[in-house]
Amino acid sequence: MDSSKIFPFPLGSVDDSDFLLAQTLYRWAETELVSKRLEFREDYVKLLLPAMKKLFVDVELQKMTWPESCGGIGLNRREIAHTLVMALEQVGRADCGIGYLLAVTLTLCSSINFEYNRKEDLCQRIAPFFCQSDQPVIGSLVLPSYAMDNYPAVTTFFRGKALPAVARYDNDNLVINGQEMRPLNSGRDASFFGVLCSLEAEDGPVLILVPGDSPGLIRDEPFLKTGLAASNNADITLNDVIVPRENIIFSGEDCLSHMLSWFYLNISAVSMGSLFAVFEIIREWGDTRVIKGKGNLFKENPLTASVMAEIGHDIMLSRLLLYQLAAMFISPDSYSHIERENLYVPALSVVSHITQTAEKVMNQAMELMGSAGYATEWNLERYWRDLKTIQVHLGSWELNKMDLARYFYNSQKL
Amino acid sequence: MDSSKIFPFPLGSVDDSDFLLAQTLYRWAETELVSKRLEFREDYVKLLLPAMKKLFVDVELQKMTWPESCGGIGLNRREIAHTLVMALEQVGRADCGIGYLLAVTLTLCSSINFEYNRKEDLCQRIAPFFCQSDQPVIGSLVLPSYAMDNYPAVTTFFRGKALPAVARYDNDNLVINGQEMRPLNSGRDASFFGVLCSLEAEDGPVLILVPGDSPGLIRDEPFLKTGLAASNNADITLNDVIVPRENIIFSGEDCLSHMLSWFYLNISAVSMGSLFAVFEIIREWGDTRVIKGKGNLFKENPLTASVMAEIGHDIMLSRLLLYQLAAMFISPDSYSHIERENLYVPALSVVSHITQTAEKVMNQAMELMGSAGYATEWNLERYWRDLKTIQVHLGSWELNKMDLARYFYNSQKL
Amino acid sequence: MPSIDDFTRPKEYISPIDDYFGKIVRQWADKEVIPYRQRYDEDWQEHRLIEPAFDKLMGELGLQRVLFPEDLGGWGLGHSHYTASASFRLMEEVARADSGIAVAFGVTFWPLIMICNEPHLNRRLCEEFAPLFCNTNKAVFAANAMTEPQGGADIENMEIIKGSTIETTAVLDGDDWIINGHKLWPTNSGGVCSLFGVVCTTRPGSKDLNDFAFIFVPADRPGVTQGNSYQKAGMAADKNSDVWFDHVRVPKYYRACGPGDDYKYFKEVISFGNLGSIAFVCGAMMNVFEILQNFCNSNLYRGLPVKEHDAVAAVLADLVKDIEIIRIIGYQYARMLDRPELYGPRWSDEIVAKGRAYKYFACDRAVEDLGRVMNLMESGGSDRARDLEKHWRDIKIVQLWMGGKQLCQMETARWFFDCKTL
Amino acid sequence: MPSIDDFTRPKEYISPIDDYFGKIVRQWADKEVIPYRQRYDEDWQEHRLIEPAFDKLMGELGLQRVLFPEDLGGWGLGHSHYTASASFRLMEEVARADSGIAVAFGVTFWPLIMICNEPHLNRRLCEEFAPLFCNTNKAVFAANAMTEPQGGADIENMEIIKGSTIETTAVLDGDDWIINGHKLWPTNSGGVCSLFGVVCTTRPGSKDLNDFAFIFVPADRPGVTQGNSYQKAGMAADKNSDVWFDHVRVPKYYRACGPGDDYKYFKEVISFGNLGSIAFVCGAMMNVFEILQNFCNSNLYRGLPVKEHDAVAAVLADLVKDIEIIRIIGYQYARMLDRPELYGPRWSDEIVAKGRAYKYFACDRAVEDLGRVMNLMESGGSDRARDLEKHWRDIKIVQLWMGGKQLCQMETARWFFDCKTL
């Protein structure tokens, strides 16, 4: 049984088409991934790429948020938050890595194609790539990171971290430079990068869209990492990469916060999906495994049941928070003290909670399953690696909390 | 500033009268408690009783849920969940003990006077006590507890614990016996006890209303305890106490679960209020205290700010869950997979989360404040003691989780 | 059934006086304290119930004399090779009964460490103060006056502050120090203190470590005022108050060790403070174990003792696991203080930092564990008759004092990661 | 700047061979493993990269010989008074480089404990098997075949199960045992094992402890089949597989200690298993410390090394605090195994239960700490080039094996609270 049915959520603005989409994605997962896992494990070429092609192209998710006028499906309003969440839950349940790529791609696109963000020129130019391609079109982001102790003199800092690239105007174009930058995902095969730059005469950070085939964009060899096999990641370097001025997606801290809010919502949904998968694994274990000799089912032992109960409890509460957050995106006015500008704080808070809870839940599930917890065959360890990888890409909790302190206590110097 | 304004919640079915009531209670708190704390500390006679009289009688909270036809205010529908929550938040912020008494009293009354529970005879008989008294009328509950190793032979068990009392029919009356039972609160001065009994020919537990002045009801001396000074608690004994048959409030496990659901919602709101108080204390500390020498405000130090941020984060998420839960009570149909019968699971889950989070938050706030954390003068330690006392009265988390395991995994033998 | 004596201690570290005095103190605890402690909270101002227990322990049994040299009426523990391990056991046993008494008892030695311990034994001051403690059958208390109104435990954050925020001053006037200042919170203040060790500066604002001074001030000197006791969440036996020093005059030689050395050896005081804190936690937790054994045997769930429920047993396991570990760590730290030739000076940054780490570990675990077992006991957890909630309140206080968790973390990180600006 | 050698060890417990062999193993780690370990995960089936490191450590340096008596070519550690403390250091050093290698190395001694350790040294079997390990420069692996398909680590839950669920049988046929059964998961299976210690029963379903048998089975005997390696989250150097015993015939004297004693001394195997687990955690965490020191010095936030941010430093402090404590506990447990005259037999329920408690403590702390520091390193945390995520994966495996946390909790509670039904 689809475990997402066990955990209550408010029906609110969810409609039939959302349920239909979720069902479609559930079937996609069973056909393209679940049934092939044992044979192909995390094989990128044999398993993940074909599944992504189905998802991005055949199920048309990469067209979803582009305006109909540009060939998309036209789900480009804040009201689709619930749709996004329900879809990303299902994708995350099947494969966190694919869910993550989709989440980042949708985040990048939303900054271009959502009604209230809409950059008409960019939309017209970029939409066809997403809407007409018969291959997955992946977006990626390059965000600020710790500076290294040998950082170049031109580096600009944003809230203590280094902006990855420097842009300057050159007539109608922008010239961008950045060395060995690590994208959130897919450094090897992303079609578009949103690169956060410093730009002359601009105070805050500026997000610039850099097509993956831009001359001067160099992709390193892929590097080995903990999880997210679907993300074929590598560092990239921009050497005097030239893009039109119109490729500026936004500038300034508020816009960045707003984009990150959507990113956090999407990631929360993907993480939620991975929790459904974990719940299903541990439920099956509880139904079939014995403990302390024959006839004693795992789910009937008070200790193992208590840990399993805590897993259900944590997942249930996380889902309630996720949908509460989605509802804030849809209608900030119906929340006291929430405006569009400060969605960032609840979004950061919810995504941090859900990913931290997911880490705890997965750790507990693994404990219950002993060696089966770390055997590839049982899949659990994959969700654990994937989720942790997603979590670290959200940035360090210790430093993210500085943003929360600014909100709650009006701290000025952090 | 009222810190409850910092933490977003969905306006949903909250209306102006709810905000007005919250304001009234905020003023009540400032006048009756906050301004007198330093002088009277936790003095029951000088501080708490007068404040309770204002609250229960003058602000009319003890009339709130009785039908207008019985002299009450008529807020006796599930739709008042948000009203209750907003009111109990404010009372809990002022004094957890008073909030707790109010929560239990309203829980007991709701089982009698809510539209869908309404016991007409009981309503008519009992409402006048609440609606016409010029003194606080306190309700209390006696719930199952661990058996002692010398438990009497007549003891009946419910889900592994002993039912406190035994009732039998005697013509039109019930005769009740129970030895040294510990009520949730106010053993010394409650006007009504809801006592969970075993009753001949009934399978499940039966809740019977026992007036405090019943002959045969013996109140022990009050005992010393950690917190909740407003609850003047003592064990009670019922020796052949006789009440009319109509004093049966309900029988059966489902009704008990439903009553407990309201109890958990109410307690969640009281705990939430105590978190507002703690937030205000730590915010003031952060605004005024220095660390590492002059000029370095506490809220600007990255470490103390990070702990403070976590406090804000936890409170914000708890409040979102609280209002999500209230919304489920108001309209279970608008949640997937929720029916009236299984409100118990999310309610248990939310109250456990909020009270556990509150323990963590208060522990952290105390850590930040060092000696001021445990000095009575700063009030923080009182909330910490009170909240923990409330938490242990919800029953042990390890055993409560067995209920969750039954729901999530269909465990049969726990 | 295993008892508290089955918790592991490193057997080779145990002091020669351990067994004998451990037993005596346990008898004292069982007879003089445990039957009365439920009423201690109401006795926080008067100490009518509490005082007899103190007199018995410190005066009659004579434990207030242990640090002083034998020829001055003491037991010579200050120059033994088992000061720390012997103290650990004694403080553990006292804290098992009441950590408030344990603190008051332990803190009496706190200033005396500065003058009674090798290699910085100050014979003249030992002679000066030994009679006060050794020639009486009544409890006599000493106190360290450290914390000040502004900044609290910043005083203890010595590596970064270097005494520069101390506002209590000592000015030489001929052969006397004139002390002025306002201190908060000393354990054993609130009127009970007979001898203060005062942390002060000979040049306000200075970061020169030679200006950091530790000076003894008998509480009966003119100009010394102890305020009323603060009311607090627990530890009624430990009185705290404001203390004012208003032009208090003491002889020049009342300075403990002198310029530079006062600062240096004051860090040893911190080390012993952390050791004591661990011992208090450990002793309280051992009593928690006793309470729980009793509770879980006599309370039933589904017809069996509560301890037979697997999920409950897991919580019990977590508790005893932590007691085991805290006790081992405590004795290991005691050994590190007792064997400087193996582990380095007791006042070294390394030993101080490690003590901070162990202390906050012990407190964090204990606070979490007690919260959980209190919850397990349901309404029994908040009932004072069970004595569990008492330890829960007391242990929280141990966690919060001496700068609390954050200062411990900073000192730990600073030493291990060589941080410069923390 | 402090190094990993500045983490506390009880100095008086350190074995005479500690310093010399500790250094040798560290050199081996730095030269033979650390430069290559990032590619180990892809080498899980072939062991092309991993095998040379094993040969060097176990064969050439000869560490696979340590338990055997000297006259048989061993180093006599099995009858020394520092078996446990010496092993702890060695395993720590190996795990610093790669806990998979450490496990494979440590587990090779696991069955040998049954025959090499005093007071149950089995001279005949030592003579039988010593040549296999001592007369070669190649790594030779041994394994304990315990876990079975049904119920997993229930086998280890000995106090309650008493061997009654064991389905692997040993039947006497003249002077031979005939072994039949199916085992899962032995470390050092998957084809690398040369000598199995097989946990089996001489009477299926029996709770009579005399029927519990521990019998040696050379892997090249007819009827022994090792399956293909399982793929797992980490520890590529540790091969695990199914193992089938199909009418395998071994001499009667291959039974380790005999009826009753097999069960009794098998609990010593559990004690050493817990000791080893703590050592693996400890070694891995020391390397985590090295990685973090480097990371926090070279990565900047607000223009300063990350470690200078107070909130980050608190996480660093939590890590080093736990390393301190885990290491002290590990050495204390080693001492308890090395000094049965002080602490009781290594196979006693008390020592087994305490080992379980320390093991799950160490694992829980490490798992939490590594999760936090991985998060601190942001995307660097999941980058295999940093080596941090490797330890994160490996330590989780240590936490899960040998019955995982819940079994540890039950055994701990059972001993301390005298539970009857857990």
# chains A, B, ... in the order shown; residues from 1 in each chain; ligands from 1

call {"tool": "residues_around", "arguments": {"residues": "Asn137 (chain C)", "least_positions_apart": "3", "cutoff": "7 Å", "atoms": "only C-alpha atoms", "output": "tab-separated table (two decimals) with N, CA, C and O atoms, in the first residue's frame"}}
result
chain	number	residue	atom	x	y	z
C	55	ASP	N	26.53	19.87	60.53
C	55	ASP	CA	27.40	19.80	61.71
C	55	ASP	C	27.96	18.39	61.90
C	55	ASP	O	29.14	18.21	62.21
C	59	GLY	N	31.64	18.96	60.94
C	59	GLY	CA	32.23	19.21	62.26
C	59	GLY	C	32.55	17.94	63.00
C	59	GLY	O	33.71	17.65	63.29
C	60	GLU	N	31.52	17.12	63.25
C	60	GLU	CA	31.75	15.94	64.09
C	60	GLU	C	32.57	14.88	63.38
C	60	GLU	O	33.57	14.39	63.92

call {"tool": "interface_residues", "arguments": {"of": "chain A", "to": "chain B", "cutoff": "7 Å", "atoms": "only C-alpha atoms", "output": "short mmCIF file (atom, residue, chain, number, x, y, z; two decimals) with N, CA and C atoms, in the first residue's frame"}}
result
data_model
loop_
_atom_site.label_atom_id
_atom_site.label_comp_id
_atom_site.auth_asym_id
_atom_site.auth_seq_id
_atom_site.Cartn_x
_atom_site.Cartn_y
_atom_site.Cartn_z
N LYS A 5 -0.74 7.34 2.26
CA LYS A 5 -2.14 7.41 2.67
C LYS A 5 -2.31 7.30 4.19
N ILE A 6 -1.27 6.94 4.87
CA ILE A 6 -1.39 6.76 6.32
C ILE A 6 -1.21 8.07 7.07
N PRO A 8 -1.88 11.87 7.62
CA PRO A 8 -2.88 12.86 7.25
C PRO A 8 -2.28 14.16 6.74
N PHE A 9 -3.00 14.80 5.86
CA PHE A 9 -2.61 16.15 5.44
C PHE A 9 -3.89 16.89 5.07
N PRO A 10 -3.86 18.22 5.13
CA PRO A 10 -5.06 19.01 4.85
C PRO A 10 -5.32 19.01 3.35
N LEU A 11 -6.56 18.77 2.99
CA LEU A 11 -6.86 18.70 1.56
C LEU A 11 -6.82 20.08 0.91
N GLY A 12 -7.13 21.08 1.70
CA GLY A 12 -6.99 22.47 1.28
C GLY A 12 -7.16 22.67 -0.21
N ARG A 283 8.02 -1.02 7.80
CA ARG A 283 6.73 -1.69 8.04
C ARG A 283 6.78 -3.14 7.58
N LYS A 299 7.05 -6.33 15.00
CA LYS A 299 6.18 -5.20 15.34
C LYS A 299 5.41 -5.42 16.63
N GLU A 300 5.51 -6.61 17.18
CA GLU A 300 4.81 -6.90 18.43
C GLU A 300 5.74 -6.84 19.65
N PRO A 302 7.69 -4.85 22.31
CA PRO A 302 7.46 -3.48 22.79
C PRO A 302 8.61 -2.51 22.47
N ALA A 305 8.71 -2.01 18.58
CA ALA A 305 7.49 -1.26 18.24
C ALA A 305 7.60 0.19 18.69
N SER A 306 8.24 0.42 19.81
CA SER A 306 8.31 1.81 20.28
C SER A 306 9.20 2.64 19.38
N MET A 308 9.66 1.93 16.19
CA MET A 308 8.86 2.05 14.96
C MET A 308 7.77 3.11 15.11
N ALA A 309 7.18 3.17 16.29
CA ALA A 309 6.13 4.17 16.54
C ALA A 309 6.71 5.58 16.43
N GLY A 312 6.90 6.55 12.85
CA GLY A 312 5.61 6.98 12.31
C GLY A 312 5.23 8.37 12.81
N HIS A 313 5.42 8.57 14.09
CA HIS A 313 5.15 9.86 14.74
C HIS A 313 5.91 11.00 14.06
N LEU A 320 2.62 17.13 8.33
CA LEU A 320 1.72 18.24 8.69
C LEU A 320 2.44 19.57 8.51
N LEU A 321 3.70 19.63 8.88
CA LEU A 321 4.46 20.87 8.71
C LEU A 321 4.66 21.19 7.24
N SER A 334 -3.35 34.36 4.70
CA SER A 334 -4.19 33.68 5.67
C SER A 334 -3.37 33.16 6.84
N TYR A 335 -2.14 33.62 6.95
CA TYR A 335 -1.33 33.33 8.15
C TYR A 335 -1.04 34.63 8.85
N SER A 336 -1.16 34.60 10.16
CA SER A 336 -0.82 35.81 10.88
C SER A 336 0.68 36.04 10.76
N HIS A 337 1.06 37.29 10.59
CA HIS A 337 2.47 37.70 10.63
C HIS A 337 3.31 37.15 9.49
N ILE A 338 2.68 36.62 8.44
CA ILE A 338 3.47 36.14 7.32
C ILE A 338 3.22 37.04 6.12
N SER A 349 13.06 26.87 8.33
CA SER A 349 12.81 26.14 9.56
C SER A 349 12.21 24.76 9.25
N GLU A 398 24.29 25.14 11.72
CA GLU A 398 24.82 26.12 12.68
C GLU A 398 24.82 27.52 12.07
N LYS A 401 21.22 28.89 11.20
CA LYS A 401 20.51 29.41 12.37
C LYS A 401 20.74 30.90 12.57
N MET A 402 21.84 31.41 12.04
CA MET A 402 22.07 32.85 12.18
C MET A 402 20.93 33.63 11.52
N LEU A 404 17.86 32.63 11.34
CA LEU A 404 16.71 32.54 12.23
C LEU A 404 16.86 33.51 13.41
N ALA A 405 18.07 33.62 13.91
CA ALA A 405 18.30 34.54 15.04
C ALA A 405 18.01 35.97 14.63
N PHE A 408 14.16 36.18 14.78
CA PHE A 408 13.49 36.06 16.07
C PHE A 408 13.94 37.12 17.08
N TYR A 409 15.19 37.53 16.97
CA TYR A 409 15.74 38.40 18.03
C TYR A 409 16.27 39.72 17.51
N SER A 411 18.86 40.24 15.84
CA SER A 411 20.32 40.33 15.96
C SER A 411 20.86 41.08 14.74
N GLN A 412 21.85 41.89 14.96
CA GLN A 412 22.34 42.77 13.89
C GLN A 412 23.71 42.39 13.36
N LYS A 413 24.49 41.70 14.19
CA LYS A 413 25.90 41.55 13.81
C LYS A 413 26.28 40.15 13.40
N LEU A 414 25.34 39.24 13.42
CA LEU A 414 25.71 37.82 13.18
C LEU A 414 26.20 37.61 11.75
#

call {"tool": "closest_atom_pairs", "arguments": {"of": "chain C", "to": "chain A", "cutoff": "7 Å", "atoms": "only C-alpha atoms", "output": "JSON lines"}}
result
{"residue": "C:His309", "atom": "CA", "partner": "A:Pro302", "partner_atom": "CA", "distance": 6.8}
{"residue": "C:Asp310", "atom": "CA", "partner": "A:Leu303", "partner_atom": "CA", "distance": 4.9}
{"residue": "C:Ala311", "atom": "CA", "partner": "A:Leu303", "partner_atom": "CA", "distance": 4.0}

call {"tool": "residues_around", "arguments": {"residues": "Leu141 (chain A)", "least_positions_apart": "5", "cutoff": "10 Å", "atoms": "only C-alpha atoms", "output": "PyMOL selection string"}}
result
chain A and resi 104-105+107-108+182-187+190+192-196+207-210

call {"tool": "write_last_selection", "arguments": {"atoms": "N, CA, C and O atoms", "output": "PDB file, in the first residue's frame"}}
result
ATOM      1  N   VAL A 104      15.688  21.140  -7.804  1.00  0.00           N
ATOM      2  CA  VAL A 104      16.567  22.261  -8.161  1.00  0.00           C
ATOM      3  C   VAL A 104      16.132  22.852  -9.490  1.00  0.00           C
ATOM      4  O   VAL A 104      16.056  24.082  -9.653  1.00  0.00           O
ATOM      5  N   THR A 105      15.836  21.987 -10.447  1.00  0.00           N
ATOM      6  CA  THR A 105      15.428  22.470 -11.767  1.00  0.00           C
ATOM      7  C   THR A 105      14.178  23.336 -11.668  1.00  0.00           C
ATOM      8  O   THR A 105      14.117  24.436 -12.228  1.00  0.00           O
ATOM      9  N   THR A 107      13.125  24.916  -9.084  1.00  0.00           N
ATOM     10  CA  THR A 107      13.453  26.137  -8.358  1.00  0.00           C
ATOM     11  C   THR A 107      14.040  27.181  -9.302  1.00  0.00           C
ATOM     12  O   THR A 107      13.630  28.353  -9.306  1.00  0.00           O
ATOM     13  N   LEU A 108      15.006  26.733 -10.088  1.00  0.00           N
ATOM     14  CA  LEU A 108      15.642  27.659 -11.039  1.00  0.00           C
ATOM     15  C   LEU A 108      14.594  28.198 -12.009  1.00  0.00           C
ATOM     16  O   LEU A 108      14.509  29.415 -12.235  1.00  0.00           O
ATOM     17  N   ARG A 182      31.514  24.584  -7.203  1.00  0.00           N
ATOM     18  CA  ARG A 182      30.765  23.336  -7.051  1.00  0.00           C
ATOM     19  C   ARG A 182      29.260  23.614  -7.135  1.00  0.00           C
ATOM     20  O   ARG A 182      28.703  24.254  -6.249  1.00  0.00           O
ATOM     21  N   PRO A 183      28.607  23.118  -8.168  1.00  0.00           N
ATOM     22  CA  PRO A 183      27.154  23.329  -8.269  1.00  0.00           C
ATOM     23  C   PRO A 183      26.425  22.425  -7.284  1.00  0.00           C
ATOM     24  O   PRO A 183      26.999  21.474  -6.752  1.00  0.00           O
ATOM     25  N   LEU A 184      25.142  22.714  -7.048  1.00  0.00           N
ATOM     26  CA  LEU A 184      24.345  21.836  -6.187  1.00  0.00           C
ATOM     27  C   LEU A 184      24.233  20.439  -6.781  1.00  0.00           C
ATOM     28  O   LEU A 184      24.089  19.464  -6.052  1.00  0.00           O
ATOM     29  N   ASN A 185      24.281  20.366  -8.111  1.00  0.00           N
ATOM     30  CA  ASN A 185      24.057  19.073  -8.752  1.00  0.00           C
ATOM     31  C   ASN A 185      24.516  19.120 -10.191  1.00  0.00           C
ATOM     32  O   ASN A 185      24.675  20.213 -10.767  1.00  0.00           O
ATOM     33  N   SER A 186      24.736  17.966 -10.770  1.00  0.00           N
ATOM     34  CA  SER A 186      24.797  17.777 -12.217  1.00  0.00           C
ATOM     35  C   SER A 186      25.808  18.648 -12.931  1.00  0.00           C
ATOM     36  O   SER A 186      25.553  19.112 -14.049  1.00  0.00           O
ATOM     37  N   GLY A 187      26.946  18.864 -12.311  1.00  0.00           N
ATOM     38  CA  GLY A 187      27.985  19.640 -12.974  1.00  0.00           C
ATOM     39  C   GLY A 187      28.352  19.070 -14.337  1.00  0.00           C
ATOM     40  O   GLY A 187      28.751  19.786 -15.253  1.00  0.00           O
ATOM     41  N   ALA A 190      24.180  19.267 -16.490  1.00  0.00           N
ATOM     42  CA  ALA A 190      23.114  20.257 -16.405  1.00  0.00           C
ATOM     43  C   ALA A 190      23.092  21.072 -17.697  1.00  0.00           C
ATOM     44  O   ALA A 190      24.143  21.363 -18.278  1.00  0.00           O
ATOM     45  N   PHE A 192      21.459  24.063 -17.756  1.00  0.00           N
ATOM     46  CA  PHE A 192      21.507  25.466 -17.341  1.00  0.00           C
ATOM     47  C   PHE A 192      22.003  25.566 -15.907  1.00  0.00           C
ATOM     48  O   PHE A 192      21.617  24.771 -15.053  1.00  0.00           O
ATOM     49  N   PHE A 193      22.841  26.561 -15.685  1.00  0.00           N
ATOM     50  CA  PHE A 193      23.281  26.850 -14.330  1.00  0.00           C
ATOM     51  C   PHE A 193      22.777  28.235 -13.926  1.00  0.00           C
ATOM     52  O   PHE A 193      22.922  29.196 -14.697  1.00  0.00           O
ATOM     53  N   GLY A 194      22.205  28.339 -12.758  1.00  0.00           N
ATOM     54  CA  GLY A 194      21.971  29.641 -12.166  1.00  0.00           C
ATOM     55  C   GLY A 194      23.154  29.923 -11.261  1.00  0.00           C
ATOM     56  O   GLY A 194      23.345  29.233 -10.264  1.00  0.00           O
ATOM     57  N   VAL A 195      23.964  30.900 -11.652  1.00  0.00           N
ATOM     58  CA  VAL A 195      25.196  31.159 -10.897  1.00  0.00           C
ATOM     59  C   VAL A 195      25.045  32.475 -10.130  1.00  0.00           C
ATOM     60  O   VAL A 195      24.722  33.509 -10.720  1.00  0.00           O
ATOM     61  N   LEU A 196      25.266  32.403  -8.847  1.00  0.00           N
ATOM     62  CA  LEU A 196      25.162  33.599  -8.021  1.00  0.00           C
ATOM     63  C   LEU A 196      26.474  34.377  -8.141  1.00  0.00           C
ATOM     64  O   LEU A 196      27.544  33.849  -7.825  1.00  0.00           O
ATOM     65  N   LEU A 207      21.738  36.602  -9.567  1.00  0.00           N
ATOM     66  CA  LEU A 207      21.693  35.264 -10.141  1.00  0.00           C
ATOM     67  C   LEU A 207      21.654  35.370 -11.653  1.00  0.00           C
ATOM     68  O   LEU A 207      20.778  36.039 -12.216  1.00  0.00           O
ATOM     69  N   ILE A 208      22.611  34.749 -12.298  1.00  0.00           N
ATOM     70  CA  ILE A 208      22.716  34.838 -13.758  1.00  0.00           C
ATOM     71  C   ILE A 208      22.562  33.437 -14.341  1.00  0.00           C
ATOM     72  O   ILE A 208      23.138  32.478 -13.841  1.00  0.00           O
ATOM     73  N   LEU A 209      21.773  33.365 -15.406  1.00  0.00           N
ATOM     74  CA  LEU A 209      21.557  32.079 -16.064  1.00  0.00           C
ATOM     75  C   LEU A 209      22.685  31.825 -17.058  1.00  0.00           C
ATOM     76  O   LEU A 209      22.924  32.626 -17.967  1.00  0.00           O
ATOM     77  N   VAL A 210      23.363  30.722 -16.874  1.00  0.00           N
ATOM     78  CA  VAL A 210      24.484  30.376 -17.764  1.00  0.00           C
ATOM     79  C   VAL A 210      24.144  29.051 -18.445  1.00  0.00           C
ATOM     80  O   VAL A 210      24.085  28.012 -17.789  1.00  0.00           O
TER      81      VAL A 210
END

call {"tool": "atom_distance", "arguments": {"atom1": "CA of Val312 (chain D)", "atom2": "CA of Ser379 (chain D)"}}
result
15.8 Å

call {"tool": "residues_around", "arguments": {"residues": "region 81-94 of chain D", "least_positions_apart": "6", "cutoff": "6 Å", "atoms": "only C-alpha atoms", "output": "PDB file with N, CA, C and O atoms, in the first residue's frame"}}
result
ATOM      1  N   SER D  15      49.907  -0.834  27.216  1.00  0.00           N
ATOM      2  CA  SER D  15      50.688  -2.069  27.176  1.00  0.00           C
ATOM      3  C   SER D  15      52.137  -1.781  26.780  1.00  0.00           C
ATOM      4  O   SER D  15      52.425  -0.758  26.154  1.00  0.00           O
ATOM      5  N   ASP D  18      52.689  -1.076  23.168  1.00  0.00           N
ATOM      6  CA  ASP D  18      51.827  -0.045  22.588  1.00  0.00           C
ATOM      7  C   ASP D  18      52.567   0.936  21.692  1.00  0.00           C
ATOM      8  O   ASP D  18      52.190   1.159  20.546  1.00  0.00           O
ATOM      9  N   ARG D  26      50.730   2.969  12.434  1.00  0.00           N
ATOM     10  CA  ARG D  26      50.382   4.285  11.904  1.00  0.00           C
ATOM     11  C   ARG D  26      51.120   4.568  10.596  1.00  0.00           C
ATOM     12  O   ARG D  26      50.559   5.127   9.659  1.00  0.00           O
ATOM     13  N   ALA D 102      40.115  -2.772   9.647  1.00  0.00           N
ATOM     14  CA  ALA D 102      40.210  -3.044  11.083  1.00  0.00           C
ATOM     15  C   ALA D 102      39.309  -4.206  11.485  1.00  0.00           C
ATOM     16  O   ALA D 102      39.684  -5.054  12.294  1.00  0.00           O
ATOM     17  N   ALA D 279      36.946   0.272  19.702  1.00  0.00           N
ATOM     18  CA  ALA D 279      38.227   0.679  19.122  1.00  0.00           C
ATOM     19  C   ALA D 279      38.048   1.170  17.684  1.00  0.00           C
ATOM     20  O   ALA D 279      38.684   2.150  17.271  1.00  0.00           O
ATOM     21  N   PHE D 280      37.175   0.515  16.933  1.00  0.00           N
ATOM     22  CA  PHE D 280      36.956   0.960  15.550  1.00  0.00           C
ATOM     23  C   PHE D 280      36.350   2.359  15.528  1.00  0.00           C
ATOM     24  O   PHE D 280      36.754   3.225  14.757  1.00  0.00           O
ATOM     25  N   GLY D 283      39.084   4.878  16.614  1.00  0.00           N
ATOM     26  CA  GLY D 283      40.083   5.132  15.575  1.00  0.00           C
ATOM     27  C   GLY D 283      39.511   5.983  14.456  1.00  0.00           C
ATOM     28  O   GLY D 283      40.133   6.959  14.016  1.00  0.00           O
ATOM     29  N   ALA D 334      39.152  -2.276  28.177  1.00  0.00           N
ATOM     30  CA  ALA D 334      40.298  -3.146  27.899  1.00  0.00           C
ATOM     31  C   ALA D 334      40.954  -3.584  29.215  1.00  0.00           C
ATOM     32  O   ALA D 334      41.291  -4.752  29.410  1.00  0.00           O
ATOM     33  N   ASP D 338      41.660  -7.185  30.780  1.00  0.00           N
ATOM     34  CA  ASP D 338      43.040  -7.587  31.065  1.00  0.00           C
ATOM     35  C   ASP D 338      43.256  -7.946  32.529  1.00  0.00           C
ATOM     36  O   ASP D 338      44.274  -8.556  32.879  1.00  0.00           O
TER      37      ASP D 338
END
